[in-house]
Each structure stands twice: as structure tokens, then as C-alpha cells.
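Have a look at the structure below before the remarks.
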Amino acid sequence: MSNPYDYGRPQDRPQHQNQAYRPPAPPPGVLPPPQPGQWQQAPQQYPPQYQQPQFPQQGQYPQYQQQPGQWPQPHYGGPNHFNGFQPPPRRRSSGAAKFILLGFFALAFVGITLAVVGAVLTDSSTSTAIPENSGPSIVPTATTKPEKGTAEDYLVNSALYGAGGLGELDCPAQKLGDGSLAAQKVYYEKLFKCLNDAWRPALNRIGVNKPDPGLVVFDKPVNTACGKFNPLSGRVLAFYCYGNQVMYTDVLQMNKAFGPKEDLAYLMTIAHEYGHHIQGVTELFYARAYYLQDHPSQKLESSRRNEVQASCLGGVFSRAVEKSYPFTNRMKEFEYQSSHSFGESADTPPDERTHGLASTQGFWIMNGFNIGETKACNTFAAPASLVK
């Protein structure tokens with residue numbers, strides 16, 4: 001199998017023994033991710049059951065042994081593939097569970113999100129019995145009491161749900177102009193700064209103090225820590241890579257899907273990707289990986305819960321910039337974009353529904369917006385009927 005990261009290709013190796021290795025430069029038009037700032041060594045505020053997580057010893061997880069040319073140099077924590085998330089000891093996983101978890105990391109490690117083909121501008125007649133998107137206002141609460149310290153307990157009782165709102169931000173939108181690479185860079189850079197400024201204090205309130213993520217806007221092939229991606233490839237508008245905590249947006253795909261005038265779709269896209277970053281730094285991503293070891297049959301539903309949670313967090317951010325962006329007088333457009341632009345259509349085969357129907361995405365975006373606080377986004381405690 002070829003190396004998915006394009007590391008160690010013959011053309012990247014020194015031609016002479018005394019020639020220093022130099023990785024390929026970013027392709028033209030790519031905005032390099034910013035250098036991470038000084039890591040603040042503030043103590044992490046884990047719930048009591050998560051104090052001092054124990055890193056497993058090398059070789060403890062034999063199912064992750066590196067195959068030739070595959071998953072070299074893991075970017076998510078060395079021998080500890082869960083980045084420090086360590087529930088108490090549990091029963092031994094079955095072979096099926098190990099297989100599911102391998103598949104989980106092969107796909108979820110790259111937080112590819114917001115499917116396009118067959119989903120953009122979905123006909124509203126295909127939606128299921130999800131409440132009106134302009135009206136949802138629920139705070140999900142768990143109906144079960146999982147064992148303390150388990151991954152399921154972490155998913156439904158994460159400290160993130162107590163982080164509150166993001167306040168009111170001064171974040172006027174930049175014009176997208178002709179939707180070119182240069183125009184999208186300006187738009188995303190401004191919005192990205194607002195996202196960082198909004199989420200940083202909220203994360204600090206729950207003891208999460210980590211560097212801001214990076215951002216790459218590309219219209220040429222780009223090498224990432226999660227593989228090589230080409231513009232207009234697959235169904236991807238944008239994706240977040242947990243491997244290097246960088247989000248990537250495809251200029252050409254965004255233009256194809258929305259053009260330069262539907263700027264609210266651009267806002268929702270980048271806010272959703274930032275939601276995946278929030279899931280990573282609060283360890284929800286790793287808790288879900290643990291959960292799937294013992295619940296492999298929940299792979300698709302768990303994926304949908306993960307995706308609509310990111311969208312809900314995007315809705316919380318949208319509430320914070322509603323007045324300054326502004327889109328107070330564009331709420332009908334916002335609601336329409338929320339429930340018609342992202343997710344999967346009703347004719348998507350059930351075994352491929354990883355993101356949730358477009359109407360489901362809209363429900364959770366608007367729920368995050370209407371509540372305006374992270375408590376609206378406990379999608380892992382929501383009934384299955386709301387994560388179709």
C-alpha cells in the first residue's frame with residue numbers, strides 16, 4: 001500500500017548523502033498554518049475520575065502496530081493513540097471492536113466534514129420529521145447513567161457543556177468578492193480570528209488552554225498530516241485534521257457549491273470545522289474512539305452525533321456574531337442555508353449516513369444559535385430521532 005501521507009517518496013529524499021532533507025514547499029496559493037504559540041502549562045481541569053490519566057506502555061495496543069508504509073509517525077500522541085484520554089480498565093475488546101476502531105481512526109483522524117454531492121440545496125420535501133429549524137431550543141440531558149469514568153460518561157457529561165456562551169463579538173464580515181483564492185483568504189482569516197477570540201475564553205473557563213488551530217485555504221493539491229488532497233476531490237468542502245490541528249478549506253469546491261454570494265454558508269463551514277477542533281482539545285474525539293471499541297454497532301449513529309455536535313457549536317458561534325457580522329435581517333436566509341446546504345439527502349443509503357440529513361444539520365445549527373450556549377450541543381445525550 002502506498003504511503004497515505006506521501007512521506008518518504010523518492011523525489012523527497014536527498015539525492016546525495018550530504019544533502020539535507022527538505023520537505024516539499026506548500027503549493028502556490030496555500031496559506032501556511034500559523035506557528036503554534038507558547039503552550040500554556042495550566043493544569044487541565046479533568047473531572048475527578050480523569051485525574052492524572054495514565055499513558056499506556058508501548059505495545060499495549062497491538063492492533064495499532066504500524067503496517068509497512070501506513071500510518072507512519074502518528075501525529076496524535078505517540079504510543080498513546082488516545083492523546084491521554086484513559087477511562088478505567090474495561091473488558092477486553094473483541095476482534096470486531098478492534099477492526100471498527102481501526103476504521104474509525106482511518107476515517108475520523110481526518111475530520112472530513114460537510115458532504116457536498118447529493119446534499120447541497122437538498123429539496124426540503126425530503127426532510128424527515130425534524131422540528132422546524134427556526135424554532136428548536138432544547139438542552140439535551142442523558143436518559144441513562146453510564147458508569148462513572150467510562151467513555152460514555154465522558155461523552156454525555158463533558159465539561160464542554162458547562163462552558164456557557166461566547167458573548168457578543170465585533171466581527172464584521174469581509175466581502176467574498178469574486179470568490180477567488182485571494183478573496184476567500186481575506187474572508188476566512190478575518191472569520192478565523194473571530195473564532196479564536198470567541199472560543200479561547202470559553203475553553204479557558206473549563207481548564208482547556210491550548211494553542212489556536214491552524215488554517216489552510218487551498219486551490220492546488222495540498223499535503224497535510226492526514227494525507228494529500230486535491231481541489232474538487234470527493235464530496236468535501238472543508239476538513240479538519242486532528243493530526244496537526246489544522247483546518248483546510250477547498251476554494252474551488254466552495255465556489256462550486258455556493259459561489260461568492262452565499263457568504264453565510266462559508267461562515268457555517270468554517271464554524272463547523274472549528275467545532276471539530278473543540279471536540280479534539282476537549283477530548284470528546286478520543287472518548288468517542290474508546291466508546292466505539294465496545295459499541296461497534298453504533299459507528300454510524302456516533303458519527304452523526306459527532307458531526308451535528310460540530311454544527312451545533314458552529315450555531316453557538318453564529319449567535320455571538322449575529323449583530324456585528326451582521327445577519328439579523330437575514331435570518332430566513334440563515335435558516336435556509338442551515339437546513340439545505342450540508343449533510344445527506346433522504347436517498348443516501350442508510351449505511352452511508354455519517355453526517356446526518358440536511359434537515360438534521362439545520363436543526364442542530366439553529367439549536368446552538370437559539371440557546372447560544374454549549375449546553376445546547378450535548379448531541380450524545382439526544383434521542384436517536386434527532387440525529388437521523
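In the C-alpha cells, chains take letters A, B, ... by order of appearance, with residues numbered from 1 within each chain and ligands from 1 in the order shown.
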Can you tell me, as a tab-separated table (two decimals) with C-alpha atoms, in the first residue's frame, which residues in region 222-388 of chain A count as alpha helix (DSSP H) by DSSP?
chain	number	residue	atom	x	y	z
A	251	VAL	CA	-11.57	27.23	-2.60
A	252	LEU	CA	-12.82	25.59	-5.78
A	253	GLN	CA	-15.30	23.33	-4.01
A	254	MET	CA	-16.77	26.23	-2.05
A	255	ASN	CA	-17.18	28.23	-5.24
A	256	LYS	CA	-18.78	25.30	-6.99
A	257	ALA	CA	-21.21	24.67	-4.15
A	258	PHE	CA	-22.13	28.22	-3.20
A	263	ASP	CA	-21.39	34.01	2.47
A	264	LEU	CA	-23.44	32.55	5.32
A	265	ALA	CA	-22.61	29.08	4.01
A	266	TYR	CA	-18.93	29.99	4.26
A	267	LEU	CA	-19.43	31.11	7.85
A	268	MET	CA	-21.17	27.85	8.75
A	269	THR	CA	-18.48	25.78	7.05
A	270	ILE	CA	-15.55	27.25	8.94
A	271	ALA	CA	-17.52	27.40	12.22
A	272	HIS	CA	-18.36	23.69	11.84
A	273	GLU	CA	-14.72	22.78	11.25
A	274	TYR	CA	-13.76	24.77	14.31
A	275	GLY	CA	-16.29	22.68	16.19
A	276	HIS	CA	-14.18	19.62	15.37
A	277	HIS	CA	-11.19	21.40	16.86
A	278	ILE	CA	-13.19	21.96	20.04
A	279	GLN	CA	-14.01	18.25	20.13
A	280	GLY	CA	-10.33	17.42	19.82
A	281	VAL	CA	-8.96	19.70	22.54
A	284	LEU	CA	-14.51	14.21	23.03
A	285	PHE	CA	-12.89	12.87	19.86
A	286	TYR	CA	-10.82	10.38	21.83
A	287	ALA	CA	-13.66	9.43	24.16
A	288	ARG	CA	-15.75	8.51	21.13
A	289	ALA	CA	-12.92	6.28	19.90
A	290	TYR	CA	-12.94	4.42	23.19
A	291	TYR	CA	-16.72	4.16	23.15
A	292	LEU	CA	-16.72	2.52	19.73
A	293	GLN	CA	-14.47	-0.27	20.93
A	294	ASP	CA	-17.33	-1.66	22.99
A	299	LYS	CA	-20.40	3.59	14.42
A	300	LEU	CA	-22.77	5.43	12.06
A	301	GLU	CA	-25.01	6.95	14.69
A	302	SER	CA	-21.98	8.01	16.72
A	303	SER	CA	-20.53	9.65	13.60
A	304	ARG	CA	-23.75	11.59	13.09
A	305	ARG	CA	-23.78	12.69	16.71
A	306	ASN	CA	-20.20	13.87	16.31
A	307	GLU	CA	-20.97	15.81	13.12
A	308	VAL	CA	-24.14	17.52	14.30
A	309	GLN	CA	-22.35	18.47	17.51
A	310	ALA	CA	-19.74	20.33	15.46
A	311	SER	CA	-22.57	22.06	13.59
A	312	CYS	CA	-24.30	22.95	16.85
A	313	LEU	CA	-21.09	24.52	18.14
A	314	GLY	CA	-21.00	26.48	14.88
A	315	GLY	CA	-24.51	27.69	15.70
A	316	VAL	CA	-23.34	28.87	19.13
A	317	PHE	CA	-20.61	30.91	17.42
A	318	SER	CA	-23.10	32.30	14.91
A	319	ARG	CA	-25.15	33.66	17.79
A	320	ALA	CA	-22.08	35.52	19.05
A	321	VAL	CA	-21.54	37.34	15.73
A	331	MET	CA	-32.41	35.11	9.47
A	332	LYS	CA	-34.60	33.44	6.85
A	333	GLU	CA	-31.52	33.04	4.66
A	334	PHE	CA	-29.54	31.72	7.64
A	335	GLU	CA	-32.24	29.18	8.45
A	336	TYR	CA	-32.50	28.08	4.84
A	337	GLN	CA	-28.74	27.66	4.45
A	338	SER	CA	-28.60	25.71	7.72
A	339	SER	CA	-31.07	23.06	6.62
A	340	HIS	CA	-30.44	22.90	2.87
A	358	ALA	CA	-29.63	18.19	5.82
A	359	SER	CA	-32.69	18.84	7.99
A	360	THR	CA	-30.90	17.30	10.98
A	361	GLN	CA	-27.88	19.51	10.42
A	362	GLY	CA	-30.19	22.53	10.25
A	363	PHE	CA	-31.94	21.55	13.46
A	364	TRP	CA	-28.69	21.46	15.43
A	365	ILE	CA	-27.23	24.62	13.88
A	366	MET	CA	-30.36	26.50	14.86
A	367	ASN	CA	-30.49	24.86	18.28
A	368	GLY	CA	-26.97	26.07	19.03
A	369	PHE	CA	-27.92	29.50	17.73
A	370	ASN	CA	-31.17	29.78	19.69
A	371	ILE	CA	-29.76	28.54	23.01
Strand (DSSP E or B) positions in region 143-346 of chain A, given as a PDB file with N, CA, C and O atoms, in the first residue's frame:
ATOM      1  N   GLY A 214      -4.645  25.844  13.243  1.00  0.00           N
ATOM      2  CA  GLY A 214      -4.157  26.478  12.024  1.00  0.00           C
ATOM      3  C   GLY A 214      -5.227  26.467  10.943  1.00  0.00           C
ATOM      4  O   GLY A 214      -6.261  25.811  11.063  1.00  0.00           O
ATOM      5  N   LEU A 215      -4.962  27.201   9.873  1.00  0.00           N
ATOM      6  CA  LEU A 215      -5.907  27.305   8.763  1.00  0.00           C
ATOM      7  C   LEU A 215      -5.145  27.304   7.443  1.00  0.00           C
ATOM      8  O   LEU A 215      -4.152  28.024   7.296  1.00  0.00           O
ATOM      9  N   VAL A 216      -5.601  26.496   6.504  1.00  0.00           N
ATOM     10  CA  VAL A 216      -5.042  26.479   5.156  1.00  0.00           C
ATOM     11  C   VAL A 216      -6.185  26.626   4.160  1.00  0.00           C
ATOM     12  O   VAL A 216      -7.182  25.899   4.241  1.00  0.00           O
ATOM     13  N   VAL A 217      -6.040  27.570   3.265  1.00  0.00           N
ATOM     14  CA  VAL A 217      -7.008  27.781   2.189  1.00  0.00           C
ATOM     15  C   VAL A 217      -6.308  27.388   0.897  1.00  0.00           C
ATOM     16  O   VAL A 217      -5.264  27.941   0.570  1.00  0.00           O
ATOM     17  N   PHE A 218      -6.852  26.408   0.159  1.00  0.00           N
ATOM     18  CA  PHE A 218      -6.084  25.885  -0.974  1.00  0.00           C
ATOM     19  C   PHE A 218      -6.929  25.795  -2.241  1.00  0.00           C
ATOM     20  O   PHE A 218      -8.141  25.577  -2.192  1.00  0.00           O
ATOM     21  N   VAL A 222      -2.656  19.778  -1.940  1.00  0.00           N
ATOM     22  CA  VAL A 222      -2.021  20.154  -0.689  1.00  0.00           C
ATOM     23  C   VAL A 222      -1.680  18.891   0.098  1.00  0.00           C
ATOM     24  O   VAL A 222      -2.475  17.961   0.196  1.00  0.00           O
ATOM     25  N   ASN A 223      -0.447  18.844   0.638  1.00  0.00           N
ATOM     26  CA  ASN A 223      -0.016  17.760   1.516  1.00  0.00           C
ATOM     27  C   ASN A 223      -0.317  18.149   2.958  1.00  0.00           C
ATOM     28  O   ASN A 223       0.029  19.250   3.396  1.00  0.00           O
ATOM     29  N   THR A 224      -0.951  17.258   3.679  1.00  0.00           N
ATOM     30  CA  THR A 224      -1.293  17.525   5.065  1.00  0.00           C
ATOM     31  C   THR A 224      -0.818  16.370   5.927  1.00  0.00           C
ATOM     32  O   THR A 224      -0.394  15.328   5.419  1.00  0.00           O
ATOM     33  N   GLY A 227      -2.816  13.302   4.953  1.00  0.00           N
ATOM     34  CA  GLY A 227      -2.831  12.816   3.582  1.00  0.00           C
ATOM     35  C   GLY A 227      -2.780  13.949   2.566  1.00  0.00           C
ATOM     36  O   GLY A 227      -2.763  15.127   2.920  1.00  0.00           O
ATOM     37  N   LYS A 228      -2.783  13.566   1.305  1.00  0.00           N
ATOM     38  CA  LYS A 228      -2.742  14.527   0.216  1.00  0.00           C
ATOM     39  C   LYS A 228      -4.152  14.726  -0.327  1.00  0.00           C
ATOM     40  O   LYS A 228      -4.890  13.760  -0.533  1.00  0.00           O
ATOM     41  N   PHE A 229      -4.538  15.982  -0.541  1.00  0.00           N
ATOM     42  CA  PHE A 229      -5.876  16.287  -1.012  1.00  0.00           C
ATOM     43  C   PHE A 229      -5.811  17.197  -2.230  1.00  0.00           C
ATOM     44  O   PHE A 229      -4.996  18.124  -2.292  1.00  0.00           O
ATOM     45  N   VAL A 236     -16.029  16.884  -0.410  1.00  0.00           N
ATOM     46  CA  VAL A 236     -15.553  17.650   0.735  1.00  0.00           C
ATOM     47  C   VAL A 236     -15.484  19.140   0.449  1.00  0.00           C
ATOM     48  O   VAL A 236     -14.858  19.572  -0.513  1.00  0.00           O
ATOM     49  N   LEU A 237     -16.149  19.922   1.303  1.00  0.00           N
ATOM     50  CA  LEU A 237     -15.998  21.372   1.262  1.00  0.00           C
ATOM     51  C   LEU A 237     -14.767  21.789   2.053  1.00  0.00           C
ATOM     52  O   LEU A 237     -14.017  22.673   1.640  1.00  0.00           O
ATOM     53  N   ALA A 238     -14.601  21.170   3.201  1.00  0.00           N
ATOM     54  CA  ALA A 238     -13.509  21.515   4.105  1.00  0.00           C
ATOM     55  C   ALA A 238     -13.282  20.329   5.029  1.00  0.00           C
ATOM     56  O   ALA A 238     -14.129  19.439   5.125  1.00  0.00           O
ATOM     57  N   PHE A 239     -12.144  20.303   5.704  1.00  0.00           N
ATOM     58  CA  PHE A 239     -11.892  19.238   6.667  1.00  0.00           C
ATOM     59  C   PHE A 239     -10.939  19.721   7.738  1.00  0.00           C
ATOM     60  O   PHE A 239     -10.181  20.679   7.550  1.00  0.00           O
ATOM     61  N   TYR A 240     -11.020  19.078   8.873  1.00  0.00           N
ATOM     62  CA  TYR A 240     -10.133  19.362   9.993  1.00  0.00           C
ATOM     63  C   TYR A 240      -9.252  18.139  10.214  1.00  0.00           C
ATOM     64  O   TYR A 240      -9.732  17.013  10.235  1.00  0.00           O
ATOM     65  N   CYS A 241      -7.956  18.359  10.365  1.00  0.00           N
ATOM     66  CA  CYS A 241      -7.009  17.276  10.593  1.00  0.00           C
ATOM     67  C   CYS A 241      -6.605  17.270  12.060  1.00  0.00           C
ATOM     68  O   CYS A 241      -5.951  18.209  12.532  1.00  0.00           O
ATOM     69  N   VAL A 246      -5.106  21.470  12.223  1.00  0.00           N
ATOM     70  CA  VAL A 246      -5.248  22.472  11.156  1.00  0.00           C
ATOM     71  C   VAL A 246      -6.518  22.163  10.374  1.00  0.00           C
ATOM     72  O   VAL A 246      -6.818  21.001  10.113  1.00  0.00           O
ATOM     73  N   MET A 247      -7.267  23.186  10.018  1.00  0.00           N
ATOM     74  CA  MET A 247      -8.427  23.000   9.163  1.00  0.00           C
ATOM     75  C   MET A 247      -8.108  23.512   7.767  1.00  0.00           C
ATOM     76  O   MET A 247      -7.342  24.461   7.589  1.00  0.00           O
ATOM     77  N   TYR A 248      -8.678  22.841   6.784  1.00  0.00           N
ATOM     78  CA  TYR A 248      -8.389  23.108   5.380  1.00  0.00           C
ATOM     79  C   TYR A 248      -9.705  23.390   4.641  1.00  0.00           C
ATOM     80  O   TYR A 248     -10.693  22.674   4.830  1.00  0.00           O
ATOM     81  N   THR A 249      -9.710  24.412   3.809  1.00  0.00           N
ATOM     82  CA  THR A 249     -10.899  24.732   3.026  1.00  0.00           C
ATOM     83  C   THR A 249     -10.551  24.739   1.542  1.00  0.00           C
ATOM     84  O   THR A 249      -9.531  25.295   1.133  1.00  0.00           O
ATOM     85  N   ASP A 250     -11.395  24.112   0.764  1.00  0.00           N
ATOM     86  CA  ASP A 250     -11.199  23.954  -0.675  1.00  0.00           C
ATOM     87  C   ASP A 250     -11.866  25.118  -1.398  1.00  0.00           C
ATOM     88  O   ASP A 250     -13.099  25.200  -1.494  1.00  0.00           O
ATOM     89  N   GLU A 344     -26.662  15.015   4.427  1.00  0.00           N
ATOM     90  CA  GLU A 344     -27.005  14.000   3.431  1.00  0.00           C
ATOM     91  C   GLU A 344     -28.479  14.100   3.064  1.00  0.00           C
ATOM     92  O   GLU A 344     -29.294  14.585   3.846  1.00  0.00           O
TER      93      GLU A 344
END
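Of note, CA of Val186 (chain A) and CA of Ala173 (chain A) are spaced 9.9 Å apart.
One distance worth recording is that between CA of Ser180 (chain A) and CA of Lys220 (chain A), which is 12.5 Å.
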**Item:** Shell around Asp178 (chain A) at 10 Å using only C-alpha atoms, local window under 6 positions removed, as a PyMOL selection string
**Value:** chain A and resi 184+255+259-261
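Distance-wise, CA of Asp219 (chain A) and CA of Phe192 (chain A) end up 18.3 Å apart.
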**Request:** Choose the residue, out of A:Thr328, A:Thr282, A:Thr141, A:Thr348, that has the smallest atom-to-atom separation from Leu203 (chain A); count only C-alpha atoms.
**Result:** A:Thr282
